[in-house]
Amino acid sequence: MICYNINVKISTLSHAPSPLGEGDGSPLTGTRHGSSSDILSPLPSGEGFRLIFGGRMGHFLPTMVLEIVSYGHPALRAKGRKISEVNDEILQLVEDMLETMEAASGVGLAAQQVGIPMQVCVVDITGVKDRPSEMWIDGKAVDHEDFMPLILINPKITLSGRERSGNEGCLSFPGLSGDVSRHEKVKVHALDEEGEVYDFEASGLLARAIQHEFDHLQGVLYIDRMGQAERKRLAGDLEELLARSQG
C-alpha cells in the first residue's frame, strides 16, 4: 500500500480504488462529454499512467483512482491547510485527483473530497456543451478549453455580477442535486502546478464550478448555499446519506 506523506489532521489517504458504484455524473450536473443528464459511471480499478497535466510538464506519473468521501466525513467540514511548497507529493496528489475526477465524470474535485484538507482543487469542464462558460486573461477573452484542466493551489476569489440560481450536485453527495445561487462571475488568483502565480476571470459553468470547489476548501458545502425550501426537500435523502457514511 502506498500512502501520501502529507501532514494533515483529518486523515492519511492511501491509494485505493474507489468503492463508488454510484454518482451524479458531475459535481454540477454538467457532464464532461455532452448533455447535463446525470449518469452512473463505474470506476476503473488498478494503476494507470498518463502524461501529467496534459503534457505541460512532459513526464509520466503513475495514477490511481482515490476514494471520494461522502457527506458526514470530517474532512468535508475542515478548512484546508495552505500549501507552502508545490513538491512531488503535492503533484502526485493533484494528478490522482485529476484521475479520480475523470473516472467519476465530474467537472471539479477538492482535496477535502478525497479526505485531505488542503488548499488545492482541480476543475475540468472540457466537452460540456449545454452550460456555456467564458474565460478572460488580462482582460482578453480566451478559449477556456485551452486551459483545462485547471489546478488551483491556495486560490483566492473575488465575486462579481448578479447571483443566479442553478442546479448543482456534488460527488460527495451521490445522486443528490438542488438549486444553488452563485455569482455570475469570479476573479481567481492562484498557484499552478509549477508553483507559479496566475490570474483569470470566468463566468458561466466555469465560474460556478470554481465557486463550488473553493467552498469545499473552506469546509463549506453546496447544501449550505441552498434555500430553506430546497434543504427541506432534500432532508430525508441527506439523513439517509449521513447514516450510510457514518455506518
# chains A, B, ... in the order shown; residues from 1 in each chain; ligands from 1
>>> select_by_dssp(residues="range 108-171 of chain A", states="helix (DSSP H, G or I)", output="MDAnalysis selection string")
chainID A and resid 111:114 144:147
>>> write_last_selection(atoms="C-alpha atoms", output="compact mmCIF listing (two decimals), in the first residue's frame")
# COMPACT_ATOMS: atom_id res chain seq x y z
CA ALA A 111 -8.71 17.76 -1.74
CA GLN A 112 -11.26 17.59 1.08
CA GLN A 113 -13.30 15.21 -1.07
CA VAL A 114 -10.50 12.65 -1.02
CA HIS A 144 -11.28 28.11 -21.72
CA GLU A 145 -10.76 24.59 -23.05
CA ASP A 146 -7.17 25.52 -23.89
CA PHE A 147 -6.53 25.87 -20.15
>>> residues_around(residues="Asn154 in chain A", least_positions_apart="3", cutoff="7 Å", atoms="only C-alpha atoms", output="PyMOL selection string")
chain A and resi 82-83+119-120+190-191
>>> write_last_selection(atoms="C-alpha atoms", output="mmCIF file, in the first residue's frame")
data_model
loop_
_atom_site.group_PDB
_atom_site.id
_atom_site.type_symbol
_atom_site.label_atom_id
_atom_site.label_comp_id
_atom_site.auth_asym_id
_atom_site.auth_seq_id
_atom_site.Cartn_x
_atom_site.Cartn_y
_atom_site.Cartn_z
ATOM 1 C CA LYS A 82 -2.286 26.321 2.936
ATOM 2 C CA ILE A 83 0.298 24.600 0.761
ATOM 3 C CA GLN A 119 -5.941 24.268 -0.285
ATOM 4 C CA VAL A 120 -5.958 22.551 -3.673
ATOM 5 C CA ALA A 190 -3.923 31.005 -7.502
ATOM 6 C CA LEU A 191 -0.760 28.966 -7.926
#
>>> residues_around(residues="Asp124 in chain A", least_positions_apart="4", cutoff="8 Å", atoms="only C-alpha atoms", output="ChimeraX atom specification")
/A:32,106-108,148-150
>>> write_last_selection(atoms="C-alpha atoms", output="mmCIF file, in the first residue's frame")
data_model
loop_
_atom_site.group_PDB
_atom_site.id
_atom_site.type_symbol
_atom_site.label_atom_id
_atom_site.label_comp_id
_atom_site.auth_asym_id
_atom_site.auth_seq_id
_atom_site.Cartn_x
_atom_site.Cartn_y
_atom_site.Cartn_z
ATOM 1 C CA ARG A 32 -17.941 16.341 -19.333
ATOM 2 C CA GLY A 106 -17.003 15.149 -12.542
ATOM 3 C CA VAL A 107 -16.105 18.693 -13.510
ATOM 4 C CA GLY A 108 -14.384 19.529 -10.218
ATOM 5 C CA MET A 148 -8.185 22.688 -18.901
ATOM 6 C CA PRO A 149 -7.665 21.079 -16.519
ATOM 7 C CA LEU A 150 -7.276 23.937 -14.051
#
>>> residues_around(residues="Thr100 in chain A", least_positions_apart="5", cutoff="9 Å", atoms="only C-alpha atoms", output="VMD selection string")
chain A and resid 18 43 64 to 68 95 105 to 106 109
